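File shown: protein10.cif (mmCIF, C-alpha atoms and all ligand atoms).
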```cif
data_structure
loop_
_atom_site.label_atom_id
_atom_site.label_comp_id
_atom_site.auth_asym_id
_atom_site.auth_seq_id
_atom_site.Cartn_x
_atom_site.Cartn_y
_atom_site.Cartn_z
CA MET A 1 82.95 103.38 118.17
CA ALA A 2 86.17 102.72 120.07
CA THR A 3 85.84 103.45 123.77
CA SER A 4 88.86 104.26 125.93
CA ALA A 5 89.31 102.98 129.48
CA LEU A 6 88.56 106.46 130.82
CA LEU A 7 85.31 106.81 128.91
CA THR A 8 84.27 103.33 130.07
CA ILE A 9 84.81 104.46 133.67
CA MET A 10 82.76 107.63 133.09
CA VAL A 11 79.90 105.75 131.45
CA GLY A 12 79.89 103.19 134.28
CA ALA A 13 79.71 105.96 136.90
CA ALA A 14 76.94 107.80 135.00
CA ARG A 15 74.86 104.63 134.64
CA LYS A 16 75.24 103.80 138.33
CA GLY A 17 74.32 107.35 139.38
CA ALA A 18 71.38 107.16 136.98
CA ARG A 19 69.96 104.08 138.72
CA SER A 20 69.83 106.09 141.94
CA LEU A 21 68.23 109.11 140.21
CA LYS A 22 65.69 106.96 138.39
CA ARG A 23 64.51 105.31 141.62
CA ASP A 24 64.15 108.73 143.22
CA PHE A 25 62.34 110.16 140.16
CA GLY A 26 59.70 107.47 140.65
CA GLU A 27 59.30 108.56 144.27
CA VAL A 28 59.06 112.26 143.28
CA GLU A 29 56.03 111.43 141.15
CA ASN A 30 54.33 110.09 144.31
CA LEU A 31 55.39 113.11 146.40
CA GLN A 32 53.96 115.58 143.87
CA VAL A 33 50.55 115.35 145.50
CA SER A 34 51.79 115.72 149.08
CA ARG A 35 51.31 119.10 150.76
CA LYS A 36 55.00 119.69 151.49
CA GLY A 37 56.00 118.67 147.97
CA PRO A 38 59.18 116.87 146.99
CA ALA A 39 61.76 119.70 147.38
CA ASP A 40 63.77 118.27 150.31
CA PHE A 41 63.59 114.82 148.82
CA VAL A 42 65.01 116.10 145.51
CA SER A 43 67.93 117.83 147.19
CA ALA A 44 68.73 114.50 148.92
CA ALA A 45 68.40 112.66 145.57
CA ASP A 46 70.93 115.05 144.06
CA LYS A 47 73.46 114.36 146.81
CA ARG A 48 72.85 110.60 146.70
CA ALA A 49 73.57 110.47 142.97
CA GLU A 50 76.69 112.61 143.37
CA LYS A 51 78.03 110.28 146.06
CA VAL A 52 77.49 107.22 143.85
CA ILE A 53 79.29 108.91 140.93
CA PHE A 54 82.12 110.18 143.13
CA ASP A 55 82.67 106.73 144.70
CA GLU A 56 82.83 105.04 141.28
CA LEU A 57 85.26 107.54 139.76
CA HIS A 58 87.42 107.77 142.87
CA LYS A 59 87.67 103.99 143.10
CA ALA A 60 88.81 103.79 139.46
CA ARG A 61 91.23 106.77 139.55
CA PRO A 62 92.09 107.55 143.20
CA THR A 63 94.57 110.35 142.33
CA TYR A 64 92.31 112.53 140.14
CA SER A 65 90.78 115.81 141.37
CA PHE A 66 87.05 116.59 141.42
CA LEU A 67 84.83 119.62 140.98
CA MET A 68 81.26 118.74 141.95
CA GLU A 69 78.14 120.86 142.23
CA GLU A 70 77.11 119.56 145.64
CA SER A 71 80.42 118.73 147.36
CA GLY A 72 82.69 121.30 145.72
CA ALA A 73 86.36 120.69 144.97
CA VAL A 74 88.38 117.68 146.07
CA GLU A 75 92.09 117.95 145.26
CA GLY A 76 93.78 114.82 143.95
CA THR A 77 97.50 114.13 143.92
CA ASP A 78 98.11 113.60 140.18
CA GLY A 79 97.96 117.33 139.35
CA GLN A 80 96.69 116.76 135.78
CA HIS A 81 93.20 115.35 135.78
CA ARG A 82 89.92 116.72 137.08
CA TRP A 83 86.39 115.32 136.89
CA ILE A 84 83.70 118.04 136.63
CA ILE A 85 80.32 116.70 137.73
CA ASP A 86 76.70 117.76 137.81
CA PRO A 87 74.82 114.78 139.29
CA LEU A 88 71.45 116.24 138.29
CA ASP A 89 71.24 118.94 135.65
CA GLY A 90 67.62 120.00 135.32
CA THR A 91 66.67 119.97 139.01
CA THR A 92 63.50 122.00 138.50
CA ASN A 93 62.32 119.56 135.83
CA PHE A 94 63.10 116.60 138.12
CA LEU A 95 61.21 118.28 140.97
CA HIS A 96 58.15 118.63 138.72
CA SER A 97 58.35 115.09 137.29
CA ILE A 98 59.41 116.39 133.87
CA PRO A 99 61.74 113.76 132.38
CA MET A 100 64.22 116.28 130.96
CA PHE A 101 67.31 116.05 133.16
CA ALA A 102 70.74 114.47 132.99
CA ILE A 103 73.92 113.49 134.73
CA SER A 104 76.89 115.38 133.30
CA ILE A 105 80.51 114.29 133.77
CA GLY A 106 83.45 116.01 132.11
CA LEU A 107 87.11 115.08 132.35
CA GLU A 108 89.86 117.65 132.03
CA ARG A 109 93.58 116.98 131.49
CA ASN A 110 95.90 119.92 132.13
CA GLY A 111 92.96 122.28 131.73
CA VAL A 112 91.76 120.78 128.41
CA MET A 113 88.49 118.83 128.19
CA ILE A 114 89.24 115.31 126.99
CA GLY A 115 86.09 113.37 127.88
CA GLY A 116 82.38 114.04 128.35
CA VAL A 117 79.29 112.03 129.23
CA ILE A 118 75.73 113.36 129.43
CA TYR A 119 73.10 110.78 130.33
CA ASN A 120 69.32 111.13 130.56
CA PRO A 121 68.23 108.11 132.62
CA ILE A 122 64.58 108.36 131.56
CA THR A 123 65.04 108.43 127.78
CA ASP A 124 68.15 106.22 128.18
CA GLU A 125 70.06 108.50 125.83
CA LEU A 126 73.77 108.35 126.51
CA PHE A 127 75.78 111.16 124.89
CA THR A 128 79.55 110.69 124.92
CA ALA A 129 82.58 112.49 123.51
CA GLU A 130 86.31 112.01 123.56
CA ARG A 131 88.86 114.54 122.35
CA GLY A 132 89.83 113.66 118.79
CA ALA A 133 87.52 110.63 118.66
CA GLY A 134 84.11 112.20 117.94
CA ALA A 135 80.80 112.46 119.78
CA TYR A 136 78.09 109.81 119.94
CA VAL A 137 74.60 109.16 121.21
CA ASN A 138 74.10 105.49 122.07
CA ASN A 139 76.92 104.60 119.61
CA ARG A 140 75.53 106.75 116.76
CA ARG A 141 77.92 109.47 115.57
CA LEU A 142 76.80 113.02 116.30
CA ARG A 143 76.95 115.82 113.76
CA ILE A 144 75.99 119.41 114.30
CA ALA A 145 73.12 120.68 112.08
CA ASN A 146 74.18 122.29 108.81
CA ARG A 147 71.60 125.06 108.41
CA ASN A 148 72.67 128.35 106.89
CA HIS A 149 69.86 130.71 107.69
CA LEU A 150 68.84 131.85 111.14
CA SER A 151 65.21 131.90 110.01
CA GLU A 152 65.37 128.06 109.80
CA CYS A 153 67.08 127.59 113.17
CA VAL A 154 65.64 126.29 116.43
CA VAL A 155 67.55 128.04 119.18
CA ALA A 156 67.75 126.96 122.82
CA THR A 157 68.48 129.26 125.74
CA GLY A 158 68.05 129.57 129.49
CA ILE A 159 66.19 132.11 131.58
CA LYS A 160 67.66 132.85 134.99
CA ASN A 161 65.39 133.12 138.01
CA THR A 162 67.12 136.14 139.48
CA GLY A 163 64.20 137.66 141.33
CA ASN A 164 65.39 140.94 139.80
CA ALA A 165 62.73 142.62 137.66
CA ALA A 166 65.18 144.68 135.57
CA ALA A 167 67.31 141.59 134.77
CA ASP A 168 64.18 139.61 133.87
CA THR A 169 63.02 142.39 131.54
CA ARG A 170 66.42 142.51 129.83
CA ALA A 171 66.45 138.71 129.36
CA VAL A 172 62.90 138.54 128.02
CA THR A 173 63.46 141.50 125.70
CA GLN A 174 66.56 139.84 124.29
CA ILE A 175 64.69 136.56 123.73
CA ALA A 176 61.80 138.43 122.09
CA LYS A 177 64.23 140.06 119.65
CA ILE A 178 65.98 136.79 118.80
CA ASN A 179 62.59 135.14 118.38
CA GLN A 180 61.88 137.45 115.44
CA SER A 181 64.87 136.12 113.46
CA VAL A 182 64.63 132.36 114.10
CA ALA A 183 62.25 129.44 113.58
CA GLY A 184 61.72 128.97 117.32
CA VAL A 185 63.21 129.48 120.77
CA ARG A 186 63.28 126.65 123.34
CA ARG A 187 64.01 126.57 127.08
CA SER A 188 64.50 123.00 128.27
CA GLY A 189 65.75 123.54 131.83
CA SER A 190 68.91 121.47 131.38
CA ALA A 191 71.99 123.21 130.00
CA ALA A 192 73.82 119.88 129.63
CA LEU A 193 71.02 118.46 127.46
CA ASP A 194 70.81 121.72 125.50
CA LEU A 195 74.47 121.30 124.53
CA ALA A 196 74.03 117.59 123.78
CA TYR A 197 71.01 118.39 121.58
CA VAL A 198 73.01 120.97 119.62
CA ALA A 199 75.78 118.39 119.14
CA ALA A 200 73.08 115.98 117.91
CA GLY A 201 71.76 118.50 115.36
CA ARG A 202 68.36 118.75 117.10
CA TYR A 203 68.79 122.36 118.16
CA ASP A 204 70.78 124.51 115.73
CA LEU A 205 72.04 126.91 118.36
CA TYR A 206 72.20 127.48 122.10
CA TRP A 207 73.21 130.46 124.16
CA GLU A 208 73.10 131.13 127.88
CA ASP A 209 74.96 133.15 130.52
CA GLY A 210 75.37 132.64 134.24
CA LEU A 211 76.10 128.92 134.05
CA GLN A 212 78.47 126.89 136.20
CA PRO A 213 81.47 124.76 135.11
CA TRP A 214 79.55 121.50 135.72
CA ASP A 215 76.71 122.65 133.41
CA ILE A 216 79.11 123.09 130.49
CA ALA A 217 82.18 120.86 130.90
CA ALA A 218 80.99 117.69 129.13
CA GLY A 219 78.81 119.54 126.61
CA MET A 220 81.53 121.85 125.31
CA LEU A 221 83.62 118.89 124.20
CA MET A 222 80.55 117.29 122.63
CA ILE A 223 79.92 120.39 120.51
CA ARG A 224 83.52 120.46 119.26
CA GLU A 225 83.63 116.74 118.55
CA ALA A 226 80.37 117.01 116.61
CA GLY A 227 81.98 119.68 114.39
CA GLY A 228 80.46 122.74 116.05
CA LEU A 229 81.81 125.99 117.40
CA ILE A 230 81.46 126.95 121.05
CA THR A 231 82.48 130.34 122.44
CA ASP A 232 81.15 132.57 125.17
CA SER A 233 78.06 134.62 124.33
CA LYS A 234 80.26 137.55 123.21
CA GLY A 235 82.17 135.37 120.73
CA LYS A 236 85.31 135.12 122.90
CA GLU A 237 87.10 131.89 123.80
CA ILE A 238 84.98 129.79 126.15
CA ASN A 239 86.11 129.31 129.71
CA VAL A 240 84.16 126.83 131.88
CA ALA A 241 84.73 129.01 134.92
CA ARG A 242 82.92 131.98 133.34
CA GLY A 243 79.69 130.16 132.50
CA SER A 244 78.81 131.91 129.24
CA VAL A 245 78.02 129.91 126.11
CA LEU A 246 77.14 130.28 122.44
CA ALA A 247 77.20 127.06 120.39
CA GLY A 248 76.22 126.01 116.88
CA ASN A 249 77.68 125.55 113.42
CA GLU A 250 80.15 128.25 112.41
CA LYS A 251 77.83 129.98 109.93
CA VAL A 252 74.79 130.42 112.15
CA HIS A 253 76.96 130.97 115.24
CA ALA A 254 78.29 134.16 113.60
CA LYS A 255 74.77 135.25 112.67
CA LEU A 256 73.33 134.72 116.15
CA LEU A 257 76.34 136.47 117.70
CA LYS A 258 75.52 139.53 115.60
CA GLU A 259 71.86 139.41 116.64
CA LEU A 260 72.80 139.04 120.33
CA LYS A 261 75.06 142.07 120.10
CA ASN A 262 72.15 144.11 118.74
CA ALA A 263 69.49 142.63 121.05
C1 LIG A 301 70.47 124.50 135.78
C2 LIG A 301 70.06 124.05 134.39
C3 LIG A 301 69.32 125.14 133.65
C4 LIG A 301 70.14 126.43 133.59
C5 LIG A 301 70.56 126.86 134.98
C6 LIG A 301 71.32 125.74 135.71
P1 LIG A 301 70.60 122.64 137.75
O1 LIG A 301 71.21 123.49 136.47
O2 LIG A 301 71.18 123.67 133.63
O3 LIG A 301 69.01 124.76 132.32
O4 LIG A 301 69.35 127.42 132.98
O5 LIG A 301 71.38 128.00 134.89
O6 LIG A 301 71.67 126.16 137.00
O7 LIG A 301 70.43 123.64 138.86
O8 LIG A 301 69.35 122.05 137.32
O9 LIG A 301 71.70 121.68 138.01
CA CA A 302 73.32 122.28 136.42
CA CA A 303 72.57 120.22 139.40
#
```
Give the structure from this file in structure tokens form.
Amino acid sequence: MATSALLTIMVGAARKGARSLKRDFGEVENLQVSRKGPADFVSAADKRAEKVIFDELHKARPTYSFLMEESGAVEGTDGQHRWIIDPLDGTTNFLHSIPMFAISIGLERNGVMIGGVIYNPITDELFTAERGAGAYVNNRRLRIANRNHLSECVVATGIKNTGNAAADTRAVTQIAKINQSVAGVRRSGSAALDLAYVAAGRYDLYWEDGLQPWDIAAGMLMIREAGGLITDSKGKEINVARGSVLAGNEKVHAKLLKELKNA
């Protein structure tokens, strides 16, 4: 696997941010039993990791722009490149000592995703993708699963905590309908890992709405570079700013799209 200078920078930043997250994850396990719980600590851990990642990327490419979950947008002077960063995707898992979370870093050039890194510090799985150069997990090439029939597919999704009973009922009803056509539905709590797992052929499909650019940026490139199709959940062209996703191989993507329209 040939690695460009830019991907090397992204991997370096993700690994450094991961050291900070991993230390804090150890502490969260201790705080679990305290009366106040680890919530404030986790929000500080999030910001700490983002600062580490920002410092690394900014040092390497001082003119690039940033879009970060915690600190928002930082405009660079080069006018072409933008890093899109979620320092901790899967916050609720992290808060509950569930080792299913990741750092996600995407790189855009003139509005097109050209690089992506998704790293789970606990499993030490490093997912990477570069435009035109494929997607990898720890140097092994990623390929989307090749199943044909929805009934054989494991499908990941997300369930929003809206606090709105009608929205919850709609979401659960939709999932219940999809559940009847597939082998199983999963909800991991990390959109970035959901996309990486589809790219890796572990999940066959993934759909979710109401996401943010930093949840999707790196993963959308990974899906494409692994040979998959990613659109919004209505089958239209994906736009990171709109936060709606449907990903999988072309055949089952079309089948799930049809089911979602009827659900
Ligand atoms: C969340 C996760 C989750 C998805 C939520 C996201 P966070 O990101 O990706 O899987 O369902 O919509 O907000 O808050 O853990 O960074
Ligand atoms: Ca996120
Ligand atoms: Ca986050």
inquiry  = Which residues are close to A:Glu208, i.e. within 8 Å by all atoms listed in the file, leaving aside same-chain residues fewer than 4 positions away? Reply as a ChimeraX atom specification.
reply    = /A:157-159,233,244-246
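Distances here use only C-alpha atoms; by that measure, the residue among A:Ile178, A:Leu211, A:Leu31, A:Ala145 closest to A:Glu69 is A:Leu211.
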inquiry  = Let me see if you get this right: every residue at most 7 Å from ligand CA 302 (chain A), counting all atoms listed in the file, written as a ChimeraX atom specification.
reply    = /A:86,88-90,190-191,212,214-215
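With only C-alpha atoms and all ligand atoms as the atoms that count, the residue of A:Arg202, A:His81, A:Lys47, A:Lys234 with the shortest distance to ligand LIG 301 (chain A) is A:Lys47.
Distances from A:Asn249, A:Thr8, A:Ser188, A:Thr77 to ligand LIG 301 (chain A) were compared using all atoms listed in the file, and the smallest one belongs to A:Ser188.
Between atom CA of A:Gly106 and atom C6 of ligand LIG 301 (chain A) the interatomic distance comes to 16.0 Å.
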Selection near A:Asp24, 12 Å with all atoms listed in the file, sequence-local residues under 3 positions removed, as a ChimeraX atom specification = /A:17-21,27-31,38-49,88,94-95,97,121-122
Using 5 Å of padding on each side, determine the axis-aligned box around all atoms of stretch 126-135 of chain A present in the file and give its centre and edge lengths in Å to one decimal, as AutoDock Vina command-line options.
```
--center_x 81.8 --center_y 111.4 --center_z 122.2 --size_x 26.1 --size_y 16.2 --size_z 18.6
```
message = So, with all atoms listed in the file as the atoms that count, which of A:Tyr64, A:Trp83, A:Phe25, A:Phe101 lies closest to ligand CA 303 (chain A)?
response = A:Phe101
